[in-house]
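Enquirer: For reference, this is my_file.txt, and it has compact mmCIF, C-alpha atoms.
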# COMPACT_ATOMS: atom_id res chain seq x y z
CA ASP A 1244 -9.44 17.11 22.19
CA THR A 1245 -9.75 13.53 20.98
CA GLU A 1246 -6.10 12.72 20.36
CA VAL A 1247 -4.61 9.29 20.73
CA THR A 1248 -0.93 9.04 19.86
CA GLN A 1249 0.98 5.94 18.81
CA THR A 1250 4.69 5.29 18.41
CA PRO A 1251 6.45 4.29 16.30
CA LYS A 1252 4.66 5.02 13.02
CA HIS A 1253 6.51 2.24 11.27
CA LEU A 1254 8.35 -0.79 12.62
CA VAL A 1255 10.29 -3.48 10.82
CA MET A 1256 11.42 -6.43 12.88
CA GLY A 1257 12.82 -9.89 12.45
CA MET A 1258 11.15 -12.99 13.81
CA THR A 1259 13.59 -13.21 16.71
CA ASN A 1260 13.35 -9.57 17.79
CA LYS A 1261 11.55 -8.13 20.79
CA LYS A 1262 9.88 -4.78 20.31
CA SER A 1263 7.08 -2.73 21.83
CA LEU A 1264 4.32 -0.51 20.50
CA LYS A 1265 3.20 2.43 22.57
CA CYS A 1266 -0.15 4.21 22.80
CA GLU A 1267 -0.92 7.30 24.85
CA GLN A 1268 -3.98 9.43 25.53
CA HIS A 1269 -4.51 12.38 27.85
CA MET A 1270 -8.27 12.63 27.62
CA GLY A 1271 -8.92 10.94 30.95
CA HIS A 1272 -10.32 7.89 29.18
CA ARG A 1273 -10.44 4.71 31.28
CA ALA A 1274 -10.79 2.13 28.50
CA MET A 1275 -8.06 1.41 25.95
CA TYR A 1276 -8.00 -1.03 23.05
CA TRP A 1277 -5.60 -2.76 20.68
CA TYR A 1278 -6.78 -3.69 17.17
CA LYS A 1279 -5.03 -5.44 14.30
CA GLN A 1280 -5.95 -4.42 10.77
CA LYS A 1281 -4.93 -6.20 7.60
CA ALA A 1282 -5.07 -4.39 4.27
CA LYS A 1283 -8.58 -3.66 2.98
CA LYS A 1284 -10.16 -5.31 6.03
CA PRO A 1285 -11.90 -3.87 9.08
CA PRO A 1286 -10.02 -3.72 12.38
CA GLU A 1287 -10.03 -6.85 14.53
CA LEU A 1288 -10.15 -6.43 18.29
CA MET A 1289 -7.21 -7.92 20.19
CA PHE A 1290 -7.35 -6.61 23.77
CA VAL A 1291 -9.40 -4.28 25.95
CA TYR A 1292 -8.21 -2.66 29.15
CA SER A 1293 -10.79 -1.13 31.44
CA TYR A 1294 -9.63 0.88 34.45
CA GLU A 1295 -6.13 -0.55 33.88
CA LYS A 1296 -7.32 -4.15 34.06
CA LEU A 1297 -7.43 -6.52 31.10
CA SER A 1298 -11.11 -7.12 30.40
CA ILE A 1299 -11.04 -8.74 26.96
CA ASN A 1300 -8.41 -10.94 25.30
CA GLU A 1301 -9.66 -12.15 21.95
CA SER A 1302 -7.63 -15.38 22.05
CA VAL A 1303 -4.56 -13.56 20.81
CA PRO A 1304 -1.32 -15.63 20.59
CA SER A 1305 1.03 -15.19 23.52
CA ARG A 1306 3.68 -13.63 21.29
CA PHE A 1307 1.56 -10.47 21.76
CA SER A 1308 1.64 -9.22 25.35
CA PRO A 1309 -0.33 -6.13 26.37
CA GLU A 1310 0.50 -3.92 29.30
CA CYS A 1311 -1.31 -0.95 30.83
CA PRO A 1312 1.15 0.78 33.22
CA ASN A 1313 -1.29 3.60 33.98
CA SER A 1314 -4.58 5.02 32.78
CA SER A 1315 -2.93 7.08 30.01
CA LEU A 1316 -0.57 4.52 28.56
CA LEU A 1317 -0.98 1.21 26.75
CA ASN A 1318 1.84 -0.94 25.44
CA LEU A 1319 1.91 -3.97 23.19
CA HIS A 1320 5.03 -6.10 23.61
CA LEU A 1321 6.00 -8.19 20.61
CA HIS A 1322 8.20 -11.28 20.66
CA ALA A 1323 8.91 -14.03 18.12
CA LEU A 1324 6.39 -12.72 15.63
CA GLN A 1325 5.56 -14.38 12.35
CA PRO A 1326 5.41 -12.74 8.90
CA GLU A 1327 1.60 -13.10 8.97
CA ASP A 1328 1.57 -10.72 11.94
CA SER A 1329 2.51 -7.89 9.60
CA ALA A 1330 -0.37 -5.43 9.76
CA LEU A 1331 -1.49 -2.02 10.95
CA TYR A 1332 -1.89 -1.98 14.72
CA LEU A 1333 -4.42 0.53 15.96
CA CYS A 1334 -4.92 1.77 19.47
CA ALA A 1335 -8.19 3.33 20.62
CA SER A 1336 -9.55 4.80 23.82
CA SER A 1337 -12.95 5.68 25.21
CA GLN A 1338 -14.31 7.30 28.32
CA ASP A 1339 -15.13 3.84 29.49
CA GLU A 1340 -16.27 0.72 27.66
CA ARG A 1341 -19.74 2.12 27.09
CA TYR A 1342 -18.60 5.15 25.15
CA THR A 1343 -17.38 6.08 21.70
CA GLN A 1344 -13.92 4.86 20.76
CA TYR A 1345 -11.35 7.25 19.35
CA PHE A 1346 -8.49 5.81 17.35
CA GLY A 1347 -4.82 6.64 17.04
CA PRO A 1348 -2.96 6.84 13.73
CA GLY A 1349 -1.62 3.30 13.98
CA THR A 1350 1.74 1.56 13.75
CA ARG A 1351 2.57 -0.17 10.46
CA LEU A 1352 4.39 -3.37 11.47
CA THR A 1353 6.38 -5.49 9.05
CA VAL A 1354 7.80 -8.81 10.21
CA LEU A 1355 10.60 -10.20 8.06
CA ALA B 81 -24.38 -12.47 17.22
CA GLN B 82 -24.63 -9.04 15.72
CA THR B 83 -23.55 -8.53 12.14
CA VAL B 84 -23.00 -5.44 10.04
CA THR B 85 -23.27 -5.51 6.25
CA GLN B 86 -21.98 -2.92 3.83
CA SER B 87 -23.15 -4.06 0.41
CA GLN B 88 -21.13 -1.56 -1.63
CA PRO B 89 -17.41 -2.44 -1.69
CA GLU B 90 -16.69 0.66 -3.76
CA MET B 91 -18.49 3.90 -4.61
CA SER B 92 -17.52 7.00 -6.53
CA VAL B 93 -18.89 10.53 -6.58
CA GLN B 94 -18.13 13.75 -8.39
CA GLU B 95 -16.80 16.61 -6.33
CA ALA B 96 -19.64 18.78 -4.96
CA GLU B 97 -22.21 16.02 -5.53
CA THR B 98 -24.03 13.91 -2.92
CA VAL B 99 -23.40 10.24 -2.23
CA THR B 100 -25.09 7.74 0.08
CA LEU B 101 -23.31 4.76 1.60
CA SER B 102 -25.44 1.83 2.76
CA CYS B 103 -25.24 -0.17 5.96
CA THR B 104 -27.56 -2.77 7.40
CA TYR B 105 -27.18 -4.65 10.65
CA ASP B 106 -28.71 -7.54 12.48
CA THR B 107 -29.41 -7.49 16.20
CA SER B 108 -32.00 -8.62 18.70
CA GLU B 109 -31.18 -5.77 21.07
CA SER B 110 -33.36 -2.70 21.39
CA ASP B 111 -30.71 -0.34 22.69
CA TYR B 112 -27.44 0.10 20.83
CA TYR B 113 -25.16 2.57 19.09
CA LEU B 114 -24.21 2.92 15.46
CA PHE B 115 -21.16 4.65 14.05
CA TRP B 116 -19.59 5.64 10.79
CA TYR B 117 -15.80 5.79 10.80
CA LYS B 118 -13.65 7.11 7.96
CA GLN B 119 -10.16 5.79 7.24
CA PRO B 120 -8.23 7.79 4.62
CA PRO B 121 -5.00 6.50 3.11
CA SER B 122 -3.22 8.18 6.02
CA ARG B 123 -4.60 5.23 8.03
CA GLN B 124 -6.20 6.93 11.03
CA MET B 125 -9.75 5.85 11.81
CA ILE B 126 -11.76 9.02 12.28
CA LEU B 127 -15.22 9.12 13.82
CA VAL B 128 -17.63 10.68 11.35
CA ILE B 129 -20.97 10.35 13.10
CA ARG B 130 -22.71 8.46 15.88
CA GLN B 131 -26.37 7.51 16.37
CA GLU B 132 -28.04 6.25 19.54
CA ALA B 133 -30.80 3.77 18.71
CA TYR B 134 -33.21 5.29 21.22
CA LYS B 135 -33.09 8.63 19.42
CA GLN B 136 -35.57 8.96 16.57
CA GLN B 137 -33.88 12.04 15.16
CA ASN B 138 -31.20 11.33 12.58
CA ALA B 139 -27.71 12.51 13.54
CA THR B 140 -26.00 15.18 11.45
CA GLU B 141 -22.46 16.57 11.46
CA ASN B 142 -22.00 19.39 8.98
CA ARG B 143 -22.05 17.74 5.50
CA PHE B 144 -22.58 14.27 6.93
CA SER B 145 -25.99 12.93 7.90
CA VAL B 146 -27.50 9.54 8.49
CA ASN B 147 -30.79 7.93 7.60
CA PHE B 148 -31.50 5.66 10.55
CA GLN B 149 -34.38 3.25 9.99
CA LYS B 150 -34.60 1.18 13.17
CA ALA B 151 -37.35 -1.17 12.03
CA ALA B 152 -35.51 -1.91 8.80
CA LYS B 153 -32.15 -2.10 10.66
CA SER B 154 -30.65 0.30 8.18
CA PHE B 155 -28.12 3.06 8.83
CA SER B 156 -27.00 4.87 5.67
CA LEU B 157 -24.54 7.77 5.51
CA LYS B 158 -25.17 10.72 3.21
CA ILE B 159 -22.27 12.97 2.28
CA SER B 160 -23.35 16.27 0.76
CA ASP B 161 -21.15 18.60 -1.30
CA SER B 162 -18.45 15.92 -1.55
CA GLN B 163 -14.87 17.10 -1.28
CA LEU B 164 -11.61 15.50 -2.41
CA GLY B 165 -10.72 15.02 1.24
CA ASP B 166 -13.73 12.76 1.72
CA ALA B 167 -12.00 10.03 -0.28
CA ALA B 168 -11.46 7.17 2.16
CA MET B 169 -12.61 3.77 3.32
CA TYR B 170 -15.82 4.14 5.32
CA PHE B 171 -16.68 1.60 7.99
CA CYS B 172 -20.09 1.21 9.56
CA ALA B 173 -19.95 -0.13 13.12
CA TYR B 174 -22.39 -1.40 15.74
CA ARG B 175 -22.05 -1.54 19.49
CA GLY B 176 -24.57 -2.94 21.91
CA SER B 177 -25.47 -1.28 25.17
CA THR B 178 -24.96 -3.27 28.33
CA GLN B 179 -25.02 -1.78 31.80
CA GLY B 180 -21.43 -1.89 32.99
CA GLY B 181 -20.56 -4.54 30.45
CA SER B 182 -17.98 -4.85 27.72
CA GLU B 183 -19.44 -4.40 24.31
CA LYS B 184 -17.27 -4.81 21.25
CA LEU B 185 -17.49 -2.73 18.12
CA VAL B 186 -18.72 -4.88 15.24
CA PHE B 187 -17.50 -3.50 11.93
CA GLY B 188 -18.78 -3.90 8.42
CA LYS B 189 -16.31 -4.76 5.66
CA GLY B 190 -16.09 -1.17 4.50
CA THR B 191 -16.91 0.90 1.44
CA LYS B 192 -14.12 2.57 -0.49
CA LEU B 193 -15.23 6.03 -1.60
CA THR B 194 -13.50 7.76 -4.50
CA VAL B 195 -14.14 11.46 -5.15
CA ASN B 196 -13.55 12.56 -8.73
CA PRO B 197 -12.55 16.17 -9.45
Give the structure from the file, written as structure tokens.
Expert:
Amino acid sequence: DTEVTQTPKHLVMGMTNKKSLKCEQHMGHRAMYWYKQKAKKPPELMFVYSYEKLSINESVPSRFSPECPNSSLLNLHLHALQPEDSALYLCASSQDERYTQYFGPGTRLTVL
Amino acid sequence: AQTVTQSQPEMSVQEAETVTLSCTYDTSESDYYLFWYKQPPSRQMILVIRQEAYKQQNATENRFSVNFQKAAKSFSLKISDSQLGDAAMYFCAYRGSTQGGSEKLVFGKGTKLTVNP
């Protein structure tokens, strides 16, 4: 079973809203990732959590705030986003950082 | 820094035919991993196949196989008996191997595969 789930599937928000994206896996993986993907481009890494600790932050603006409450769950809190932040946000997990990443279906975010 | 190049932005194939997608990479490391991911219009990135650089044998998964040429730094994907469901964007990706370290996936720009009935 290599399932990573993400909610919601779609999200539309205004620039003053606060919202959160959720990612969950029950494979016992200890590394989890957030990626941003613009149309017709490859995914861009945003954050990596390893054993529930933030190990990589790719200089992402502070309006994106990741959180890893436990080893199965990864959140991305959104606040005061800009229209250029509209994209597909993908979550992935792996056994640990040395192993193959498995992706979730993504959340399509639109910022108005 | 490692780079991954996919020189074919778009490819097309007839159903039941065979198609090969190209990928080259640049690295100074001797131990690493290579991947092909598929992303259909449904959006989910799906792992197609994985190759460890230390293995000389080319990886295969059913109709999908790779031609891994380590000296040439080439990692092409062959899809046999193409099906309509194979239509997708295909990304080649590289990841280094560091003991206990964080290694990012480096993606190519992708190849859009169309399968014609």
Enquirer: Please identify all residues of chain B having at least one atom at most 12 Å from any atom of chain A, considering all atoms listed in the file, and return them as a ChimeraX atom specification.
Expert: /B:84-86,89-90,112-132,168-192
Enquirer: Since we have the selection now, will you write its residues out, keeping C-alpha atoms, as an mmCIF file, keeping the file's coordinate frame?
Expert:
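Once written, part36.cif looks like this:
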data_model
loop_
_atom_site.group_PDB
_atom_site.id
_atom_site.type_symbol
_atom_site.label_atom_id
_atom_site.label_comp_id
_atom_site.auth_asym_id
_atom_site.auth_seq_id
_atom_site.Cartn_x
_atom_site.Cartn_y
_atom_site.Cartn_z
ATOM 1 C CA VAL B 84 -23.000 -5.440 10.040
ATOM 2 C CA THR B 85 -23.270 -5.510 6.250
ATOM 3 C CA GLN B 86 -21.980 -2.920 3.830
ATOM 4 C CA PRO B 89 -17.410 -2.440 -1.690
ATOM 5 C CA GLU B 90 -16.690 0.660 -3.760
ATOM 6 C CA TYR B 112 -27.440 0.100 20.830
ATOM 7 C CA TYR B 113 -25.160 2.570 19.090
ATOM 8 C CA LEU B 114 -24.210 2.920 15.460
ATOM 9 C CA PHE B 115 -21.160 4.650 14.050
ATOM 10 C CA TRP B 116 -19.590 5.640 10.790
ATOM 11 C CA TYR B 117 -15.800 5.790 10.800
ATOM 12 C CA LYS B 118 -13.650 7.110 7.960
ATOM 13 C CA GLN B 119 -10.160 5.790 7.240
ATOM 14 C CA PRO B 120 -8.230 7.790 4.620
ATOM 15 C CA PRO B 121 -5.000 6.500 3.110
ATOM 16 C CA SER B 122 -3.220 8.180 6.020
ATOM 17 C CA ARG B 123 -4.600 5.230 8.030
ATOM 18 C CA GLN B 124 -6.200 6.930 11.030
ATOM 19 C CA MET B 125 -9.750 5.850 11.810
ATOM 20 C CA ILE B 126 -11.760 9.020 12.280
ATOM 21 C CA LEU B 127 -15.220 9.120 13.820
ATOM 22 C CA VAL B 128 -17.630 10.680 11.350
ATOM 23 C CA ILE B 129 -20.970 10.350 13.100
ATOM 24 C CA ARG B 130 -22.710 8.460 15.880
ATOM 25 C CA GLN B 131 -26.370 7.510 16.370
ATOM 26 C CA GLU B 132 -28.040 6.250 19.540
ATOM 27 C CA ALA B 168 -11.460 7.170 2.160
ATOM 28 C CA MET B 169 -12.610 3.770 3.320
ATOM 29 C CA TYR B 170 -15.820 4.140 5.320
ATOM 30 C CA PHE B 171 -16.680 1.600 7.990
ATOM 31 C CA CYS B 172 -20.090 1.210 9.560
ATOM 32 C CA ALA B 173 -19.950 -0.130 13.120
ATOM 33 C CA TYR B 174 -22.390 -1.400 15.740
ATOM 34 C CA ARG B 175 -22.050 -1.540 19.490
ATOM 35 C CA GLY B 176 -24.570 -2.940 21.910
ATOM 36 C CA SER B 177 -25.470 -1.280 25.170
ATOM 37 C CA THR B 178 -24.960 -3.270 28.330
ATOM 38 C CA GLN B 179 -25.020 -1.780 31.800
ATOM 39 C CA GLY B 180 -21.430 -1.890 32.990
ATOM 40 C CA GLY B 181 -20.560 -4.540 30.450
ATOM 41 C CA SER B 182 -17.980 -4.850 27.720
ATOM 42 C CA GLU B 183 -19.440 -4.400 24.310
ATOM 43 C CA LYS B 184 -17.270 -4.810 21.250
ATOM 44 C CA LEU B 185 -17.490 -2.730 18.120
ATOM 45 C CA VAL B 186 -18.720 -4.880 15.240
ATOM 46 C CA PHE B 187 -17.500 -3.500 11.930
ATOM 47 C CA GLY B 188 -18.780 -3.900 8.420
ATOM 48 C CA LYS B 189 -16.310 -4.760 5.660
ATOM 49 C CA GLY B 190 -16.090 -1.170 4.500
ATOM 50 C CA THR B 191 -16.910 0.900 1.440
ATOM 51 C CA LYS B 192 -14.120 2.570 -0.490
#
Enquirer: Between B:Asp166, B:Ile159, B:Ala139, B:Ser154, which residue has the minimum interatomic distance to Thr100 of chain B, considering only C-alpha atoms?
Expert: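 Under the stated criterion, the closest residue is B:Ile159.
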Enquirer: Just want the 8 Å neighbourhood of segment 1251-1258 of chain A, counted on all atoms listed in the file, with same-chain residues fewer than 5 positions away dropped. Output as a list in words.
Expert: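 These residues fall inside the cut-off: Leu1264, Lys1265, His1322, Ala1323, Leu1324, Gln1325, Pro1326, Pro1348, Gly1349, Thr1350, Arg1351, Leu1352, Thr1353, Val1354 and Leu1355 of chain A.
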Enquirer: Around (-1.7, -11.2, 6.8) in the file's own coordinates, what residues are found within 9 Å if you use only C-alpha atoms, given back as a list in words?
Expert: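 Returned residue set, sorted by chain then number, is Gln1280, Lys1281, Ala1282, Pro1326, Glu1327, Asp1328, Ser1329 and Ala1330 of chain A.
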Enquirer: Go ahead and compute the interatomic distance for atom CA of Lys1279 of chain A and atom CA of Ser156 of chain B, in Å to one decimal.
Expert: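 Atom-to-atom, atom CA of Lys1279 of chain A to atom CA of Ser156 of chain B, that is 25.8 Å.
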Enquirer: From the options B:Ala167, B:Gln149, B:Ala133, B:Phe144, which residue's atoms come nearest to Glu109 of chain B, counting all atoms listed in the file?
Expert: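 That would be B:Ala133, the residue with the smallest distance to Glu109 of chain B.
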Enquirer: Taking the point (10.9, -2.4, 22.5) as given in the file, collect each protein or nucleic acid residue that comes within 8 Å of it, counting all atoms listed in the file, and present the set as a PDB file with C-alpha atoms, keeping the file's coordinate frame.
Expert:
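Contents of the output file selection_0.pdb:
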ATOM      1  CA  LYS A1261      11.550  -8.130  20.790  1.00  0.00           C
ATOM      2  CA  LYS A1262       9.880  -4.780  20.310  1.00  0.00           C
ATOM      3  CA  SER A1263       7.080  -2.730  21.830  1.00  0.00           C
ATOM      4  CA  LEU A1264       4.320  -0.510  20.500  1.00  0.00           C
ATOM      5  CA  HIS A1320       5.030  -6.100  23.610  1.00  0.00           C
ATOM      6  CA  LEU A1321       6.000  -8.190  20.610  1.00  0.00           C
TER       7      LEU A1321
END
Enquirer: Would you mind telling me which residue in A:Ser1305, A:Gln1338, A:Asn1318, A:Asn1300 lies nearest to His1269 of chain A when using all atoms listed in the file?
Expert: A:Gln1338
Enquirer: In Å, how far is it from atom CA of Tyr1294 of chain A to atom CA of Ser1308 of chain A?
Expert: 17.7 Å
Enquirer: Between atom CA of Thr1248 of chain A and atom CA of Pro1304 of chain A, what is the distance, to one decimal in Å?
Expert: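 Value for the atom CA of Thr1248 of chain A-atom CA of Pro1304 of chain A distance: 24.7 Å.
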Enquirer: Please give the centre and size of the box around segment 156-173 of chain B (axis-aligned, containing every atom listed in the file, 6 Å added per side), with values in Å to one decimal and written as lines of an AutoDock Vina configuration file.
Expert:
center_x = -18.9
center_y = 9.2
center_z = 5.4
size_x = 28.3
size_y = 30.7
size_z = 27.5
Enquirer: Applying 7 Å and all atoms listed in the file, which residues near Leu1317 of chain A remain after dropping the ones on its own chain fewer than 4 positions away? List them as a VMD selection string.
Expert: chain A and resid 1265 to 1267 1310 to 1312
Enquirer: Once N, CA and C atoms are restored for segment 1258-1275 of chain A, what would the output be as a PDB file, keeping the file's coordinate frame?
Expert:
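Written file, rebuild03.pdb:
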ATOM      1  N   MET A1258      11.961 -12.043  13.032  1.00  0.00           N
ATOM      2  CA  MET A1258      11.150 -12.990  13.810  1.00  0.00           C
ATOM      3  C   MET A1258      11.732 -13.276  15.185  1.00  0.00           C
ATOM      4  N   THR A1259      12.998 -12.944  15.393  1.00  0.00           N
ATOM      5  CA  THR A1259      13.590 -13.210  16.710  1.00  0.00           C
ATOM      6  C   THR A1259      13.665 -11.959  17.588  1.00  0.00           C
ATOM      7  N   ASN A1260      13.243 -10.832  17.041  1.00  0.00           N
ATOM      8  CA  ASN A1260      13.350  -9.570  17.790  1.00  0.00           C
ATOM      9  C   ASN A1260      12.276  -9.463  18.871  1.00  0.00           C
ATOM     10  N   LYS A1261      12.545  -8.576  19.823  1.00  0.00           N
ATOM     11  CA  LYS A1261      11.550  -8.130  20.790  1.00  0.00           C
ATOM     12  C   LYS A1261      11.387  -6.627  20.621  1.00  0.00           C
ATOM     13  N   LYS A1262      10.157  -6.202  20.452  1.00  0.00           N
ATOM     14  CA  LYS A1262       9.880  -4.780  20.310  1.00  0.00           C
ATOM     15  C   LYS A1262       8.587  -4.455  21.041  1.00  0.00           C
ATOM     16  N   SER A1263       8.323  -3.157  21.180  1.00  0.00           N
ATOM     17  CA  SER A1263       7.080  -2.730  21.830  1.00  0.00           C
ATOM     18  C   SER A1263       6.433  -1.600  21.053  1.00  0.00           C
ATOM     19  N   LEU A1264       5.106  -1.621  21.025  1.00  0.00           N
ATOM     20  CA  LEU A1264       4.320  -0.510  20.500  1.00  0.00           C
ATOM     21  C   LEU A1264       3.753   0.264  21.679  1.00  0.00           C
ATOM     22  N   LYS A1265       3.666   1.584  21.486  1.00  0.00           N
ATOM     23  CA  LYS A1265       3.200   2.430  22.570  1.00  0.00           C
ATOM     24  C   LYS A1265       1.997   3.250  22.134  1.00  0.00           C
ATOM     25  N   CYS A1266       1.058   3.425  23.050  1.00  0.00           N
ATOM     26  CA  CYS A1266      -0.150   4.210  22.800  1.00  0.00           C
ATOM     27  C   CYS A1266      -0.381   5.111  24.011  1.00  0.00           C
ATOM     28  N   GLU A1267      -0.725   6.359  23.751  1.00  0.00           N
ATOM     29  CA  GLU A1267      -0.920   7.300  24.850  1.00  0.00           C
ATOM     30  C   GLU A1267      -2.127   8.189  24.582  1.00  0.00           C
ATOM     31  N   GLN A1268      -2.870   8.475  25.640  1.00  0.00           N
ATOM     32  CA  GLN A1268      -3.980   9.430  25.530  1.00  0.00           C
ATOM     33  C   GLN A1268      -4.036  10.240  26.822  1.00  0.00           C
ATOM     34  N   HIS A1269      -4.417  11.493  26.686  1.00  0.00           N
ATOM     35  CA  HIS A1269      -4.510  12.380  27.850  1.00  0.00           C
ATOM     36  C   HIS A1269      -5.896  12.993  27.924  1.00  0.00           C
ATOM     37  N   MET A1270      -6.891  12.165  27.593  1.00  0.00           N
ATOM     38  CA  MET A1270      -8.270  12.630  27.620  1.00  0.00           C
ATOM     39  C   MET A1270      -8.987  12.166  28.879  1.00  0.00           C
ATOM     40  N   GLY A1271      -8.281  11.463  29.756  1.00  0.00           N
ATOM     41  CA  GLY A1271      -8.920  10.940  30.950  1.00  0.00           C
ATOM     42  C   GLY A1271      -9.760   9.699  30.686  1.00  0.00           C
ATOM     43  N   HIS A1272      -9.563   9.098  29.506  1.00  0.00           N
ATOM     44  CA  HIS A1272     -10.320   7.890  29.180  1.00  0.00           C
ATOM     45  C   HIS A1272      -9.846   6.720  30.032  1.00  0.00           C
ATOM     46  N   ARG A1273     -10.791   5.830  30.406  1.00  0.00           N
ATOM     47  CA  ARG A1273     -10.440   4.710  31.280  1.00  0.00           C
ATOM     48  C   ARG A1273     -10.501   3.367  30.557  1.00  0.00           C
ATOM     49  N   ALA A1274     -10.817   3.368  29.286  1.00  0.00           N
ATOM     50  CA  ALA A1274     -10.790   2.130  28.500  1.00  0.00           C
ATOM     51  C   ALA A1274      -9.846   2.338  27.321  1.00  0.00           C
ATOM     52  N   MET A1275      -8.999   1.336  27.065  1.00  0.00           N
ATOM     53  CA  MET A1275      -8.060   1.410  25.950  1.00  0.00           C
ATOM     54  C   MET A1275      -8.050   0.069  25.226  1.00  0.00           C
TER      55      MET A1275
END
